[in-house]
$ cat upload.cif   # mmCIF, C-alpha atoms
data_model
#
loop_
_atom_site.label_atom_id
_atom_site.label_comp_id
_atom_site.auth_asym_id
_atom_site.auth_seq_id
_atom_site.Cartn_x
_atom_site.Cartn_y
_atom_site.Cartn_z
CA MET A 344 -104.06 -58.03 21.11
CA SER A 345 -103.30 -60.33 18.17
CA VAL A 346 -101.75 -58.83 15.07
CA ASP A 347 -104.83 -59.85 13.11
CA SER A 348 -107.23 -57.72 15.16
CA THR A 349 -108.14 -54.11 14.52
CA ARG A 350 -107.17 -51.71 17.27
CA LYS A 351 -109.44 -48.74 17.94
CA VAL A 352 -107.24 -45.65 18.26
CA LEU A 353 -108.17 -42.08 19.10
CA ILE A 354 -105.35 -39.71 18.09
CA ASP A 355 -104.72 -36.49 20.02
CA THR A 356 -102.46 -34.22 17.99
CA ASP A 357 -101.06 -30.72 17.50
CA THR A 358 -100.84 -31.27 13.80
CA ALA A 359 -97.57 -30.20 12.23
CA GLY A 360 -95.53 -32.13 9.69
CA ASP A 361 -94.46 -35.05 11.87
CA ASP A 362 -98.01 -35.45 13.20
CA THR A 363 -99.41 -35.70 9.67
CA GLN A 364 -97.20 -38.71 8.98
CA ALA A 365 -98.42 -40.43 12.13
CA LEU A 366 -101.99 -39.78 11.04
CA LEU A 367 -101.27 -41.18 7.58
CA LEU A 368 -99.75 -44.34 9.05
CA ALA A 369 -102.83 -44.89 11.18
CA LEU A 370 -105.33 -44.03 8.44
CA THR A 371 -103.76 -46.37 5.88
CA ALA A 372 -103.20 -49.30 8.27
CA ASP A 373 -105.57 -52.25 8.27
CA ARG A 374 -104.72 -53.01 11.88
CA ILE A 375 -105.90 -49.64 13.18
CA ASP A 376 -109.38 -48.12 13.20
CA VAL A 377 -109.04 -44.37 13.81
CA THR A 378 -112.14 -43.49 15.80
CA GLY A 379 -111.48 -39.74 15.86
CA VAL A 380 -108.81 -37.03 15.82
CA THR A 381 -108.65 -34.43 18.58
CA ILE A 382 -106.60 -31.23 18.41
CA CYS A 383 -104.61 -29.72 21.27
CA ALA A 384 -102.65 -26.47 21.55
CA GLY A 385 -99.03 -27.01 20.59
CA ASN A 386 -96.79 -26.75 17.56
CA VAL A 387 -98.38 -23.86 15.65
CA ALA A 388 -101.48 -21.64 15.71
CA PHE A 389 -104.48 -23.74 16.75
CA ASP A 390 -106.64 -23.17 13.67
CA ARG A 391 -103.71 -24.14 11.45
CA GLN A 392 -103.39 -27.42 13.33
CA VAL A 393 -107.07 -28.12 12.75
CA GLU A 394 -106.77 -27.54 9.00
CA ASN A 395 -103.58 -29.58 8.77
CA ALA A 396 -105.36 -32.56 10.30
CA LYS A 397 -108.28 -32.21 7.91
CA ARG A 398 -105.94 -31.91 4.92
CA THR A 399 -104.23 -35.11 6.03
CA LEU A 400 -107.57 -36.90 6.11
CA GLU A 401 -108.27 -35.63 2.60
CA LEU A 402 -105.02 -37.06 1.26
CA VAL A 403 -106.25 -40.61 1.84
CA GLY A 404 -109.97 -40.00 1.35
CA ALA A 405 -110.83 -40.34 5.04
CA GLU A 406 -112.50 -36.96 5.55
CA ASN A 407 -115.99 -38.48 5.52
CA ASP A 408 -115.07 -41.34 7.85
CA VAL A 409 -113.02 -39.64 10.57
CA THR A 410 -114.01 -36.45 12.37
CA VAL A 411 -111.68 -33.79 13.77
CA TYR A 412 -112.64 -32.40 17.19
CA GLU A 413 -111.22 -29.14 18.51
CA GLY A 414 -109.86 -29.18 22.04
CA ALA A 415 -107.82 -27.00 24.37
CA ARG A 416 -106.49 -23.87 22.69
CA THR A 417 -104.07 -23.06 25.52
CA PRO A 418 -102.10 -25.06 28.10
CA LEU A 419 -103.65 -25.51 31.53
CA GLN A 420 -101.79 -22.70 33.29
CA LYS A 421 -98.79 -21.48 31.35
CA ASP A 422 -98.02 -19.70 28.12
CA HIS A 423 -96.17 -21.62 25.44
CA GLU A 424 -94.30 -20.81 22.27
CA PHE A 425 -94.88 -22.30 18.84
CA ALA A 426 -92.29 -24.46 17.10
CA ASP A 427 -92.67 -22.65 13.78
CA GLU A 428 -88.90 -22.29 13.35
CA ILE A 429 -88.95 -26.05 12.80
CA HIS A 430 -92.33 -26.65 11.17
CA GLY A 431 -93.01 -23.33 9.45
CA GLU A 432 -95.67 -20.80 10.35
CA GLY A 433 -98.50 -23.08 9.26
CA GLY A 434 -96.95 -26.31 10.49
CA LEU A 435 -96.35 -27.85 7.08
CA GLY A 436 -93.21 -25.91 6.19
CA GLY A 437 -93.01 -22.91 3.90
CA ASP A 438 -96.19 -21.30 2.59
CA ARG A 439 -98.57 -24.21 2.97
CA PHE A 440 -101.85 -23.19 4.57
CA PRO A 441 -104.66 -25.64 3.75
CA ASP A 442 -108.25 -24.43 3.79
CA THR A 443 -110.32 -27.57 3.43
CA GLY A 444 -113.81 -26.33 4.21
CA ILE A 445 -114.36 -29.52 6.22
CA GLU A 446 -116.44 -28.97 9.35
CA SER A 447 -115.13 -29.93 12.76
CA GLY A 448 -117.09 -32.17 15.08
CA ASP A 449 -119.71 -30.43 17.18
CA GLN A 450 -118.23 -31.63 20.51
CA PHE A 451 -115.37 -30.21 22.52
CA ALA A 452 -112.50 -32.68 22.10
CA VAL A 453 -112.27 -33.33 25.85
CA ASP A 454 -115.94 -34.26 26.00
CA TYR A 455 -115.50 -36.52 22.97
CA ILE A 456 -112.59 -38.37 24.61
CA VAL A 457 -114.58 -38.97 27.77
CA GLU A 458 -117.71 -39.99 25.87
CA GLN A 459 -115.84 -42.50 23.73
CA ALA A 460 -114.12 -44.02 26.75
CA ARG A 461 -117.39 -44.37 28.64
CA GLU A 462 -119.27 -45.84 25.69
CA ASN A 463 -116.48 -48.25 24.73
CA PRO A 464 -114.85 -49.30 28.02
CA GLY A 465 -111.57 -51.14 27.56
CA GLU A 466 -111.67 -50.81 23.77
CA ILE A 467 -109.95 -47.55 22.84
CA THR A 468 -106.26 -46.71 22.81
CA LEU A 469 -105.46 -43.03 23.12
CA ALA A 470 -102.37 -42.05 21.14
CA ALA A 471 -101.26 -38.67 22.50
CA ILE A 472 -98.72 -37.06 20.17
CA ALA A 473 -99.27 -33.50 21.41
CA PRO A 474 -98.99 -31.68 24.73
CA LEU A 475 -101.22 -33.49 27.22
CA THR A 476 -103.73 -30.72 27.93
CA ASN A 477 -106.74 -32.51 26.45
CA LEU A 478 -105.97 -35.71 28.34
CA ALA A 479 -105.48 -33.90 31.65
CA LEU A 480 -108.79 -32.09 31.20
CA ALA A 481 -110.49 -35.36 30.31
CA TYR A 482 -109.10 -36.92 33.50
CA LYS A 483 -110.50 -34.06 35.57
CA LYS A 484 -113.91 -34.73 34.04
CA GLU A 485 -113.66 -38.52 34.36
CA PRO A 486 -111.26 -39.69 37.10
CA ALA A 487 -111.76 -43.32 36.01
CA LEU A 488 -110.44 -42.57 32.51
CA ASP A 489 -107.32 -44.71 32.91
CA GLU A 490 -109.48 -47.75 33.63
CA LEU A 491 -111.93 -46.94 30.83
CA LEU A 492 -109.26 -46.68 28.14
CA ASP A 493 -107.54 -49.79 26.82
CA ALA A 494 -104.16 -48.00 26.81
CA VAL A 495 -102.52 -44.58 26.66
CA TRP A 496 -99.46 -44.21 24.44
CA ILE A 497 -97.58 -40.91 24.56
CA MET A 498 -94.88 -39.18 22.58
CA GLY A 499 -93.19 -36.84 25.03
CA GLY A 500 -90.54 -36.22 27.62
CA ASN A 501 -86.80 -36.82 27.57
CA VAL A 502 -85.60 -39.81 29.52
CA ASN A 503 -82.22 -38.94 31.00
CA CYS A 504 -81.13 -37.12 27.86
CA LEU A 505 -81.06 -33.59 26.48
CA GLY A 506 -84.37 -32.06 25.48
CA ASN A 507 -85.21 -30.53 22.11
CA VAL A 508 -86.70 -27.20 23.25
CA THR A 509 -84.45 -26.55 26.26
CA PRO A 510 -81.53 -28.59 27.58
CA ALA A 511 -83.91 -29.93 30.23
CA ALA A 512 -87.12 -30.58 28.31
CA GLU A 513 -88.83 -32.06 25.27
CA TYR A 514 -91.38 -29.80 23.56
CA ASN A 515 -94.67 -31.58 24.36
CA PHE A 516 -93.95 -31.79 28.09
CA TRP A 517 -92.45 -28.28 28.16
CA ALA A 518 -95.51 -26.76 26.41
CA ASP A 519 -97.85 -27.97 29.17
CA PRO A 520 -95.85 -29.40 32.08
CA ASP A 521 -98.84 -29.16 34.43
CA ALA A 522 -100.83 -31.47 32.18
CA ALA A 523 -97.92 -33.87 31.74
CA LYS A 524 -97.55 -34.11 35.51
CA ILE A 525 -101.26 -34.93 35.95
CA VAL A 526 -101.16 -37.61 33.27
CA LEU A 527 -97.98 -39.38 34.41
CA ARG A 528 -99.26 -39.44 37.99
CA ASN A 529 -102.70 -40.83 37.12
CA PHE A 530 -102.33 -43.07 34.05
CA ASP A 531 -100.45 -46.22 33.16
CA VAL A 532 -98.77 -45.08 29.96
CA THR A 533 -96.36 -46.27 27.31
CA LEU A 534 -93.87 -43.49 26.68
CA PHE A 535 -91.90 -42.77 23.52
CA ASP A 536 -89.46 -40.07 24.53
CA TRP A 537 -87.17 -37.70 22.64
CA GLY A 538 -84.10 -39.83 23.29
CA LEU A 539 -85.70 -42.83 21.57
CA THR A 540 -86.67 -40.53 18.69
CA VAL A 541 -83.08 -39.44 18.13
CA ARG A 542 -81.64 -42.93 18.53
CA ASP A 543 -84.10 -45.00 16.54
CA THR A 544 -86.33 -42.94 14.19
CA ASP A 545 -83.67 -40.96 12.32
CA PHE A 546 -84.06 -40.98 8.53
CA GLY A 547 -80.71 -39.88 7.16
CA PRO A 548 -79.45 -39.12 3.62
CA GLU A 549 -79.79 -42.70 2.32
CA THR A 550 -83.41 -43.06 3.40
CA LEU A 551 -84.31 -39.59 2.16
CA GLU A 552 -82.68 -40.41 -1.18
CA THR A 553 -84.78 -43.58 -1.36
CA ILE A 554 -87.90 -41.49 -0.90
CA GLU A 555 -86.76 -38.89 -3.45
CA SER A 556 -85.91 -41.50 -6.08
CA GLY A 557 -88.77 -43.87 -5.33
CA PRO A 558 -92.28 -44.06 -6.80
CA ASP A 559 -93.81 -40.63 -7.37
CA THR A 560 -96.83 -41.05 -5.14
CA GLN A 561 -99.03 -38.42 -3.55
CA LEU A 562 -97.89 -39.33 -0.04
CA ALA A 563 -94.18 -39.39 -0.92
CA GLU A 564 -94.52 -35.99 -2.57
CA PHE A 565 -96.34 -34.68 0.50
CA TYR A 566 -93.62 -35.99 2.81
CA LEU A 567 -90.81 -34.42 0.80
CA ASP A 568 -92.74 -31.15 0.57
CA ILE A 569 -93.48 -30.74 4.26
CA THR A 570 -90.02 -31.85 5.45
CA THR A 571 -88.11 -29.26 3.43
CA GLN A 572 -87.94 -26.76 6.28
CA VAL A 573 -87.23 -29.29 9.03
CA ARG A 574 -84.41 -30.76 6.95
CA GLU A 575 -82.91 -27.30 6.59
CA PHE A 576 -83.29 -26.71 10.33
CA ASN A 577 -81.67 -30.04 11.18
CA HIS A 578 -78.81 -29.45 8.77
CA GLU A 579 -78.12 -26.06 10.35
CA THR A 580 -78.28 -27.39 13.91
CA THR A 581 -76.74 -30.87 13.49
CA GLY A 582 -74.79 -30.67 10.25
CA ARG A 583 -76.76 -33.60 8.81
CA ASP A 584 -79.57 -33.97 6.30
CA MET A 585 -82.02 -35.88 8.47
CA VAL A 586 -85.59 -36.08 9.72
CA THR A 587 -86.89 -37.76 12.87
CA GLN A 588 -90.29 -39.43 13.14
CA PRO A 589 -91.29 -39.15 16.83
CA ASP A 590 -95.05 -39.32 16.36
CA SER A 591 -95.00 -41.97 13.67
CA ALA A 592 -93.00 -44.27 15.95
CA VAL A 593 -95.97 -44.38 18.34
CA ILE A 594 -98.38 -45.33 15.58
CA GLY A 595 -95.92 -47.74 14.01
CA ALA A 596 -95.70 -49.69 17.27
CA LEU A 597 -99.49 -49.71 17.62
CA ILE A 598 -99.61 -51.28 14.16
CA GLU A 599 -96.84 -53.75 14.98
CA PRO A 600 -96.05 -54.06 18.70
CA ALA A 601 -92.96 -56.15 17.90
CA LEU A 602 -91.24 -52.94 16.79
CA ILE A 603 -90.66 -52.33 20.51
CA GLU A 604 -87.47 -54.25 21.24
CA GLU A 605 -86.94 -53.20 24.86
CA ALA A 606 -89.14 -51.44 27.41
CA GLN A 607 -89.03 -51.04 31.18
CA THR A 608 -91.56 -49.66 33.67
CA TYR A 609 -90.37 -46.84 35.92
CA ALA A 610 -91.64 -44.22 38.31
CA THR A 611 -91.74 -40.88 36.49
CA ASP A 612 -92.71 -37.28 37.14
CA VAL A 613 -92.48 -33.87 35.49
CA ASP A 614 -91.22 -30.53 36.81
CA GLU A 615 -94.13 -28.15 36.23
CA ARG A 616 -92.41 -25.06 37.65
CA ASP A 617 -91.36 -22.17 35.44
CA GLY A 618 -87.63 -21.81 35.04
CA LEU A 619 -84.67 -23.69 33.63
CA THR A 620 -86.12 -27.12 34.39
CA ARG A 621 -89.70 -26.53 33.23
CA GLY A 622 -90.93 -29.74 31.63
CA TYR A 623 -88.00 -31.85 32.87
CA THR A 624 -88.97 -35.52 33.02
CA TRP A 625 -87.38 -37.49 35.82
CA VAL A 626 -87.33 -41.24 35.37
CA ASP A 627 -86.32 -43.31 38.38
CA GLU A 628 -84.31 -46.01 36.64
CA ASN A 629 -82.54 -47.00 39.87
CA GLY A 630 -85.62 -47.20 42.12
CA ASN A 631 -84.49 -44.42 44.42
CA THR A 632 -87.96 -42.99 45.12
CA ASP A 633 -91.14 -44.23 46.74
CA THR A 634 -93.19 -43.33 43.64
CA GLU A 635 -95.14 -46.18 42.05
CA PRO A 636 -93.61 -47.40 38.77
CA ARG A 637 -96.35 -47.08 36.16
CA THR A 638 -94.73 -45.57 33.05
CA ARG A 639 -93.58 -48.12 30.48
CA VAL A 640 -90.64 -46.43 28.77
CA VAL A 641 -89.72 -47.68 25.30
CA GLU A 642 -85.94 -47.98 25.29
CA SER A 643 -85.16 -49.66 21.97
CA PHE A 644 -87.06 -49.62 18.68
CA ASP A 645 -86.65 -51.68 15.49
CA THR A 646 -85.43 -48.95 13.16
CA ASP A 647 -85.15 -51.10 10.04
CA ARG A 648 -88.65 -52.58 10.22
CA PHE A 649 -90.11 -49.20 11.09
CA GLU A 650 -88.42 -47.64 8.08
CA ARG A 651 -89.82 -50.34 5.79
CA MET A 652 -93.28 -49.78 7.25
CA PHE A 653 -92.99 -46.03 6.69
CA LEU A 654 -91.84 -46.46 3.08
CA ASP A 655 -94.67 -48.93 2.43
CA MET A 656 -97.06 -46.22 3.61
CA LEU A 657 -95.52 -43.57 1.36
CA PHE A 658 -95.24 -45.74 -1.74
CA GLU A 659 -98.19 -48.14 -1.44
CA GLU A 660 -100.49 -46.70 1.25
CA ARG A 661 -100.08 -50.11 2.93
CA PRO A 662 -97.83 -49.82 5.98
CA GLU A 663 -98.27 -53.50 6.78
CA ALA A 664 -97.01 -54.63 3.35
CA SER A 665 -93.52 -55.63 4.50
CA LEU A 666 -94.95 -57.25 7.64
CA GLU A 667 -96.82 -59.74 5.47
CA GLN A 668 -93.66 -61.07 3.84
#

$ encode --input "upload.cif" --output "structure tokens"
Amino acid sequence: MSVDSTRKVLIDTDTAGDDTQALLLALTADRIDVTGVTICAGNVAFDRQVENAKRTLELVGAENDVTVYEGARTPLQKDHEFADEIHGEGGLGGDRFPDTGIESGDQFAVDYIVEQARENPGEITLAAIAPLTNLALAYKKEPALDELLDAVWIMGGNVNCLGNVTPAAEYNFWADPDAAKIVLRNFDVTLFDWGLTVRDTDFGPETLETIESGPDTQLAEFYLDITTQVREFNHETTGRDMVTQPDSAVIGALIEPALIEEAQTYATDVDERDGLTRGYTWVDENGNTDTEPRTRVVESFDTDRFERMFLDMLFEERPEASLEQ
């Protein structure tokens, strides 16, 4: 894909604060055409996720152009817990509970994913920034889905590093490990894991100060508002004032693939069993298994260019602005 073309992207999300920023990057980018937004059980109560996505569309006037479709309200087989200690009860930190009045699409999100893939073979990239329940269900309905989609990019897993919900697992894969296992076994994916998030998408005090002292835009105000609780959580747990952008990294690289500095393809799998290793992602970096390597793991990310892109989005609603210089 040339950088001058527009990439059709369907975004599957469990919309909390970090997801909203990924949506905003995609919605304000000239290089991405968001064909739809699908909601999957994850971060907070399902109906709150739906409203958070719709509120995000409203912020940039996209509510009449992009439709939100409601998908799986529970993981495939297991119970999961919300991440409201990080994102707040409603997902946007504090007492922020949007009620947009915007109607959802009249299709089940899984059916919408399959329909779009069948009607536009080889044209749509699925950006999965939630647990993978919707994608696993779509695969069960259409086993040729991997071939029908242009690409599948995922935020999830923890590649040979500590997780963020248990020592063994990252939240998205822990929330529905059965779905993650199905997807990694049956799709060629590009994976942005928790380790990359911590290494390369960390906005620390200097960047946060730049946002606080920069132009007083609607999107900058929104970012500062919704990150209040996560900043407090991170300060308590890490001792630093910082925010990570796991979901936005996926969208940033779809906008500008050159943000990916290093990536390698490995055999991967997920432990779906309940217990201490639920959601553990094994990545065969040394080629010790007979499993086919089909997961492209992003190992290094251009932090500085990504940060400039993110600030261009907050201040100008033009994430490509710095790319044009």

$ closest_residue --input "upload.cif" --among "A:Leu602, A:Val526, A:Leu619, A:Ile354" --to "Leu480 (chain A)" --atoms "only C-alpha atoms"
A:Val526

$ residues_around --input "upload.cif" --residues "Glu485 (chain A)" --least-positions-apart "6" --cutoff "12 Å" --atoms "all atoms listed in the file" --output "PyMOL selection string"
chain A and resi 453-461+478-479+491-492+529

$ closest_atom_pairs --input "upload.cif" --of "region 415-466 of chain A" --to "region 386-399 of chain A" --cutoff "9 Å" --atoms "all atoms listed in the file" --output "Markdown table"
| residue | atom | partner | partner_atom | distance |
| --- | --- | --- | --- | --- |
| A:Ala415 | CA | A:Phe389 | CA | 8.9 |
| A:Arg416 | CA | A:Phe389 | CA | 6.3 |
| A:Thr417 | CA | A:Phe389 | CA | 8.8 |
| A:Glu424 | CA | A:Asn386 | CA | 8.0 |
| A:Phe425 | CA | A:Val387 | CA | 5.0 |
| A:Ala426 | CA | A:Asn386 | CA | 5.1 |
| A:Asp427 | CA | A:Val387 | CA | 6.1 |
| A:His430 | CA | A:Asn386 | CA | 7.8 |
| A:Gly431 | CA | A:Val387 | CA | 8.2 |
| A:Glu432 | CA | A:Val387 | CA | 6.7 |
| A:Gly433 | CA | A:Arg391 | CA | 5.8 |
| A:Gly434 | CA | A:Val387 | CA | 5.9 |
| A:Leu435 | CA | A:Asn395 | CA | 7.6 |
| A:Phe440 | CA | A:Arg391 | CA | 7.2 |
| A:Pro441 | CA | A:Glu394 | CA | 6.0 |
| A:Asp442 | CA | A:Glu394 | CA | 6.2 |
| A:Thr443 | CA | A:Arg398 | CA | 6.3 |
| A:Gly444 | CA | A:Glu394 | CA | 8.6 |
| A:Ile445 | CA | A:Lys397 | CA | 6.9 |
| A:Glu446 | CA | A:Lys397 | CA | 8.9 |
| A:Ser447 | CA | A:Val393 | CA | 8.3 |

$ closest_atom_pairs --input "upload.cif" --of "region 346-453 of chain A" --to "region 557-563 of chain A" --cutoff "9 Å" --atoms "all atoms listed in the file" --output "CSV"
residue,atom,partner,partner_atom,distance
A:Leu367,CA,A:Leu562,CA,8.5
A:Leu402,CA,A:Leu562,CA,7.6
A:Val403,CA,A:Leu562,CA,8.7

$ axis_aligned_box --input "upload.cif" --around "region 367-379 of chain A" --padding-each-side "8 Å" --output "AutoDock Vina command-line options"
--center_x -105.9 --center_y -46.4 --center_z 10.9 --size_x 28.4 --size_y 29.3 --size_z 26.0

$ resolve_selection --input "upload.cif" --expression "the PyMOL selection byres ((chain A and resi 661) around 12)" --output "list in words"
Leu367, Leu368, Ala369, Leu370, Thr371, Ala372, Asp373, Arg374, Ile375, Val403, Leu562, Ile598, Arg651, Met652, Phe653, Leu654, Asp655, Met656, Leu657, Phe658, Glu659, Glu660, Pro662, Glu663, Ala664, Ser665, Leu666 and Glu667 of chain A

$ atom_distance --input "upload.cif" --atom1 "CA of Pro636 (chain A)" --atom2 "CA of Val613 (chain A)"
14.0 Å

$ decode --input "upload.cif" --residues "region 418-452 of chain A" --atoms "C-alpha atoms" --output "compact mmCIF listing (two decimals), in the first residue's frame"
# COMPACT_ATOMS: atom_id res chain seq x y z
CA PRO A 418 -16.28 -13.93 26.09
CA LEU A 419 -16.68 -17.25 24.29
CA GLN A 420 -16.53 -19.49 27.36
CA LYS A 421 -15.15 -17.72 30.40
CA ASP A 422 -16.10 -14.93 32.74
CA HIS A 423 -13.96 -11.82 32.74
CA GLU A 424 -13.46 -8.82 34.97
CA PHE A 425 -13.64 -5.18 33.96
CA ALA A 426 -10.62 -2.89 34.06
CA ASP A 427 -12.52 -0.07 35.75
CA GLU A 428 -9.78 0.45 38.36
CA ILE A 429 -7.75 1.81 35.44
CA HIS A 430 -10.38 3.37 33.19
CA GLY A 431 -13.12 4.29 35.65
CA GLU A 432 -16.55 2.74 35.92
CA GLY A 433 -17.69 4.16 32.59
CA GLY A 434 -14.38 3.75 30.80
CA LEU A 435 -13.58 7.44 30.45
CA GLY A 436 -12.34 8.02 33.99
CA GLY A 437 -14.29 9.61 36.81
CA ASP A 438 -17.98 10.39 36.37
CA ARG A 439 -18.14 10.54 32.59
CA PHE A 440 -21.09 8.61 31.20
CA PRO A 441 -22.06 9.81 27.71
CA ASP A 442 -25.62 9.35 26.51
CA THR A 443 -25.53 10.29 22.85
CA GLY A 444 -28.90 9.10 21.63
CA ILE A 445 -27.17 7.81 18.48
CA GLU A 446 -28.63 4.54 17.20
CA SER A 447 -26.45 1.49 16.73
CA GLY A 448 -26.34 -0.37 13.45
CA ASP A 449 -29.09 -2.92 12.93
CA GLN A 450 -26.66 -5.84 12.39
CA PHE A 451 -24.85 -7.97 14.92
CA ALA A 452 -21.20 -6.89 14.75
